[in-house]
Number of protein chains: 2
Amino acid sequence: MNRDPIDHFIEQMGFMTQEDGLPRIAGQILGYLIVEGEPRTLAEITEALRISKGSASTNCRQLADKGILTRVAVRGSRADSYMAVTNPAEDMLAGMAARFRQRARTMEDAASDFPAAYDGARDRVSQFANFFRTSAEFLDEWTKRAQRQTADSE
Amino acid sequence: MNRDPIDHFIEQMGFMTQEDGLPRIAGQILGYLIVEGEPRTLAEITEALRISKGSASTNCRQLADKGILTRVAVRGSRADSYMAVTNPAEDMLAGMAARFRQRARTMEDAASDFPAAYDGARDRVSQFANFFRTSAEFLDEWTKRAQRQTADSE
DNA sequence: CAATATGTTCAATTTGAATTGAACGCTGAA
DNA sequence: TTCAGCGTTCAATTCAAATTGAACATATTG
C-alpha cells in the first residue's frame, strides 16, 4: 500500500503538521490542495482523502483562519471551495511568530508575580522570554523579506 | 489552587512544550530548573513536580539530548543532577532549524517521485520545500548571532 | 557480603485530542 | 412550500501519546 507518490506526499504532509501540533488531517488537506493547485470543494476533499465531512469542514476552516488556505467561490457552484495560498509556508511562519510573541508575554506576566525572594528566577525567566520576543521579530522580518521575493518573481 | 506564581509559571511552561509537540512534563521540568537556577537531582524534580521517577528520568534525558538541559555531577552526591543551560531557547531554535531542513528534504524526495503528468504539482511542492530550506539557513544564522550576543554580555 | 540508593526500562493505564457520524440549519430551486 | 444540496456542530468513539509504577540493573556504603 501507499506506493503512489502523490499519496505518499500527502501522508508526509500530515505527519509534518502533526509535529507542529496541528491535526494530521490538516496537513493532508494542505498537501492535497498544493498538488491540485486549483480550488476544490469540501466534497472533493472528503472524497479524495476518505475523511468525514465534519473533519473536512472543521480543518479547512481552521487552515483558512490561519491564512494557509483561502476560500474561493467557484462560478456556477454553490459549494464552498478552498485552495492553498501561493506560499503557505510564509503564513505558517507568521503564525509561529505570533505564538512566540504570545509566549513571551505569558512568561513575563508569570514572572512579574514572583515574590521578591525570587529575584534571580525572575531575571532568568525574563531572559528566556526575551529570546522568544526577539525571535518573533526576527521571524516577522524574515517572512516579510520572503514575501517581497515572492512578489518580485511574479 | 495554583495561586502560587511559581507553580503557575511551571504550569505555563508545560503548556508551551505541549504546543511544540513535547510532553507537558518536559516543559514543567524546564520551568522548574529555570526557576531554581542550580542543579537539581531527579529525586528533587520528582518530588517538586509530583511526577513519577520514570517520567523524570525519561524526560530529563530527552531534554538533555536536545541540549536544553545539561547533566552535572554534584560533588558529594552520587545522584545525577540536571540544570537548564544558560539560554535554552537557542537550542530550541537550533532544533527547529534541523527539523525544517529535514522537512525540506522529505518533501523534495516525495516530489521527485511524482509522475510526469504532475509537473505543476512538483513545482509547487519544490517551492514549498525550498522555503523551509532557506528558512532553516536563516534560523541557523540567527541562532549564531544570538549566541554571539549572549557571549558578549558575559 | 547485605542493604541501600540510585537510574532505567517497559507493559499497563490514563489522558487528551482527533475523528467520525448523525442531527441540524440554512439556502436556493422547483 | 417542499425538497435537495450543502456546511456546521457536537456528543460519542477511536486513537495515539504521556504517564505511571513495578521490576530490574548497577553502583555505593558499611
# chains A, B, ... in the order shown; residues from 1 in each chain; ligands from 1
call {"tool": "residues_around", "arguments": {"residues": "Gln12 of chain A", "least_positions_apart": "6", "cutoff": "9 Å", "atoms": "only C-alpha atoms (C1' of nucleotides)", "output": "number ranges by chain"}}
result
A: 27-28, 31; B: 106-107, 110
call {"tool": "write_last_selection", "arguments": {"atoms": "C-alpha atoms", "output": "mmCIF file, in the first residue's frame"}}
result
data_model
loop_
_atom_site.group_PDB
_atom_site.id
_atom_site.type_symbol
_atom_site.label_atom_id
_atom_site.label_comp_id
_atom_site.auth_asym_id
_atom_site.auth_seq_id
_atom_site.Cartn_x
_atom_site.Cartn_y
_atom_site.Cartn_z
ATOM 1 C CA GLY A 27 -1.615 18.624 6.641
ATOM 2 C CA GLN A 28 -3.206 16.107 4.336
ATOM 3 C CA GLY A 31 -0.890 18.593 0.691
ATOM 4 C CA THR B 106 11.414 14.814 2.796
ATOM 5 C CA MET B 107 9.287 16.957 0.514
ATOM 6 C CA ALA B 110 8.458 12.904 -2.328
#
call {"tool": "residues_around", "arguments": {"residues": "DA22 of chain C", "least_positions_apart": "3", "cutoff": "12 Å", "atoms": "only C-alpha atoms (C1' of nucleotides)", "output": "list in words"}}
result
Ser52, Lys53 and Gly54 of chain A; DT9, DC10, DA11 and DA12 of chain D
call {"tool": "write_last_selection", "arguments": {"atoms": "N, CA and C atoms (P, O5', C5', C4', C3', O3' and C1' of nucleotides)", "output": "short mmCIF file (atom, residue, chain, number, x, y, z; two decimals), in the first residue's frame"}}
result
data_model
loop_
_atom_site.label_atom_id
_atom_site.label_comp_id
_atom_site.auth_asym_id
_atom_site.auth_seq_id
_atom_site.Cartn_x
_atom_site.Cartn_y
_atom_site.Cartn_z
N SER A 52 -14.22 12.28 6.98
CA SER A 52 -15.61 12.66 7.17
C SER A 52 -15.84 14.11 6.77
N LYS A 53 -17.07 14.39 6.43
CA LYS A 53 -17.45 15.76 6.07
C LYS A 53 -17.10 16.72 7.21
N GLY A 54 -17.37 16.26 8.44
CA GLY A 54 -17.10 17.09 9.60
C GLY A 54 -15.64 17.49 9.69
P DT D 9 -19.88 25.95 13.46
"O5'" DT D 9 -20.58 24.94 14.46
"C5'" DT D 9 -22.00 24.86 14.46
"C4'" DT D 9 -22.45 23.66 15.28
"C3'" DT D 9 -21.56 23.35 16.49
"O3'" DT D 9 -22.44 23.24 17.60
"C1'" DT D 9 -21.92 21.40 15.19
P DC D 10 -21.93 23.38 19.11
"O5'" DC D 10 -22.07 21.91 19.66
"C5'" DC D 10 -23.27 21.16 19.38
"C4'" DC D 10 -23.05 19.70 19.66
"C3'" DC D 10 -22.03 19.42 20.77
"O3'" DC D 10 -22.47 18.27 21.48
"C1'" DC D 10 -21.35 18.33 18.85
P DA D 11 -22.54 18.31 23.09
"O5'" DA D 11 -22.92 16.80 23.42
"C5'" DA D 11 -24.06 16.22 22.77
"C4'" DA D 11 -23.73 14.81 22.35
"C3'" DA D 11 -23.05 13.98 23.43
"O3'" DA D 11 -23.60 12.67 23.39
"C1'" DA D 11 -21.69 14.04 21.50
P DA D 12 -23.06 11.52 24.36
"O5'" DA D 12 -22.25 10.62 23.34
"C5'" DA D 12 -22.93 10.03 22.24
"C4'" DA D 12 -21.94 9.19 21.46
"C3'" DA D 12 -21.16 8.18 22.31
"O3'" DA D 12 -21.18 6.94 21.62
"C1'" DA D 12 -19.65 9.58 21.11
#
call {"tool": "calpha_fit_rmsd", "arguments": {"fixed": "chain A", "moving": "chain B"}}
result
0.3 Å
call {"tool": "interface_residues", "arguments": {"of": "chain C", "to": "chain A", "cutoff": "7 Å", "atoms": "only C-alpha atoms (C1' of nucleotides)", "output": "number ranges by chain"}}
result
C: 18-20
call {"tool": "residues_around", "arguments": {"residues": "Asp91 of chain B", "least_positions_apart": "4", "cutoff": "7 Å", "atoms": "only C-alpha atoms (C1' of nucleotides)", "output": "number ranges by chain"}}
result
B: 67-68, 95
call {"tool": "write_last_selection", "arguments": {"atoms": "C-alpha atoms", "output": "mmCIF file, in the first residue's frame"}}
result
data_model
loop_
_atom_site.group_PDB
_atom_site.id
_atom_site.type_symbol
_atom_site.label_atom_id
_atom_site.label_comp_id
_atom_site.auth_asym_id
_atom_site.auth_seq_id
_atom_site.Cartn_x
_atom_site.Cartn_y
_atom_site.Cartn_z
ATOM 1 C CA GLY B 67 20.689 20.310 24.516
ATOM 2 C CA ILE B 68 18.130 22.092 26.655
ATOM 3 C CA GLY B 95 16.424 22.098 16.780
#
call {"tool": "atom_distance", "arguments": {"atom1": "atom CA of Glu137 of chain A", "atom2": "atom CA of Leu63 of chain B"}}
result
25.9 Å
call {"tool": "interface_residues", "arguments": {"of": "chain D", "to": "chain A", "cutoff": "12 Å", "atoms": "only C-alpha atoms (C1' of nucleotides)", "output": "number ranges by chain"}}
result
D: 5-10, 16
call {"tool": "interface_residues", "arguments": {"of": "chain B", "to": "chain A", "cutoff": "9 Å", "atoms": "only C-alpha atoms", "output": "PDB file with C-alpha atoms, in the first residue's frame"}}
result
ATOM      1  CA  ASP B   4       1.319  30.223  43.693  1.00  0.00           C
ATOM      2  CA  PRO B   5       3.063  32.258  40.963  1.00  0.00           C
ATOM      3  CA  ILE B   6       5.936  29.825  40.710  1.00  0.00           C
ATOM      4  CA  HIS B   8       1.719  28.966  37.644  1.00  0.00           C
ATOM      5  CA  PHE B   9       4.865  29.656  35.675  1.00  0.00           C
ATOM      6  CA  GLN B  12       2.517  27.503  31.677  1.00  0.00           C
ATOM      7  CA  MET B  13       5.857  26.152  30.575  1.00  0.00           C
ATOM      8  CA  MET B  16       4.107  25.603  25.849  1.00  0.00           C
ATOM      9  CA  GLN B  18       2.936  20.654  24.751  1.00  0.00           C
ATOM     10  CA  GLU B  19       2.111  23.032  21.902  1.00  0.00           C
ATOM     11  CA  ASP B  20       5.515  22.212  20.470  1.00  0.00           C
ATOM     12  CA  GLY B  21       4.790  18.523  20.493  1.00  0.00           C
ATOM     13  CA  GLY B  31      10.418  25.656  34.102  1.00  0.00           C
ATOM     14  CA  ILE B  34      14.985  27.733  35.246  1.00  0.00           C
ATOM     15  CA  VAL B  35      13.415  28.910  38.485  1.00  0.00           C
ATOM     16  CA  GLU B  36      15.876  27.020  40.639  1.00  0.00           C
ATOM     17  CA  GLY B  37      18.876  28.137  38.626  1.00  0.00           C
ATOM     18  CA  THR B  86      22.131  29.337  30.112  1.00  0.00           C
ATOM     19  CA  ASN B  87      19.926  30.008  27.147  1.00  0.00           C
ATOM     20  CA  PRO B  88      17.691  27.031  26.439  1.00  0.00           C
ATOM     21  CA  ALA B  89      15.805  28.897  23.740  1.00  0.00           C
ATOM     22  CA  GLU B  90      18.824  28.915  21.491  1.00  0.00           C
ATOM     23  CA  LEU B  93      15.703  27.222  17.701  1.00  0.00           C
ATOM     24  CA  ARG B 103      11.322  18.524   6.200  1.00  0.00           C
ATOM     25  CA  THR B 106      11.414  14.814   2.796  1.00  0.00           C
ATOM     26  CA  MET B 107       9.287  16.957   0.514  1.00  0.00           C
ATOM     27  CA  ASP B 109      12.192  13.344  -2.112  1.00  0.00           C
ATOM     28  CA  ALA B 110       8.458  12.904  -2.328  1.00  0.00           C
ATOM     29  CA  ALA B 111       8.114  15.360  -5.203  1.00  0.00           C
ATOM     30  CA  SER B 112      10.884  13.738  -7.217  1.00  0.00           C
ATOM     31  CA  ASP B 113       8.746  10.611  -7.474  1.00  0.00           C
ATOM     32  CA  PHE B 114       5.769  12.427  -8.991  1.00  0.00           C
ATOM     33  CA  PRO B 115       4.901  11.101 -12.448  1.00  0.00           C
ATOM     34  CA  TYR B 118       2.242  16.172 -12.308  1.00  0.00           C
ATOM     35  CA  GLY B 120       2.903  21.694 -11.929  1.00  0.00           C
ATOM     36  CA  ALA B 121       2.430  19.930  -8.629  1.00  0.00           C
ATOM     37  CA  ARG B 122       6.102  19.103  -8.460  1.00  0.00           C
ATOM     38  CA  ARG B 124       4.625  23.841  -6.219  1.00  0.00           C
ATOM     39  CA  VAL B 125       5.985  21.291  -3.792  1.00  0.00           C
ATOM     40  CA  GLN B 127       8.779  25.893  -3.920  1.00  0.00           C
ATOM     41  CA  PHE B 128       7.283  24.906  -0.613  1.00  0.00           C
ATOM     42  CA  ALA B 129      10.271  22.754   0.269  1.00  0.00           C
ATOM     43  CA  PHE B 131      11.079  27.895   1.660  1.00  0.00           C
ATOM     44  CA  PHE B 132      11.745  25.522   4.504  1.00  0.00           C
ATOM     45  CA  SER B 135      14.284  29.352   6.491  1.00  0.00           C
ATOM     46  CA  PHE B 138      18.248  31.827   8.180  1.00  0.00           C
ATOM     47  CA  LEU B 139      17.432  30.362  11.560  1.00  0.00           C
ATOM     48  CA  TRP B 142      20.106  33.968  13.636  1.00  0.00           C
ATOM     49  CA  ALA B 146      22.149  35.343  19.327  1.00  0.00           C
TER      50      ALA B 146
END
call {"tool": "select_by_dssp", "arguments": {"residues": "segment 5-152 of chain B", "states": "helix (DSSP H, G or I)", "output": "ChimeraX atom specification"}}
result
/B:5-19,24-36,42-49,53-65,88-112,116-152
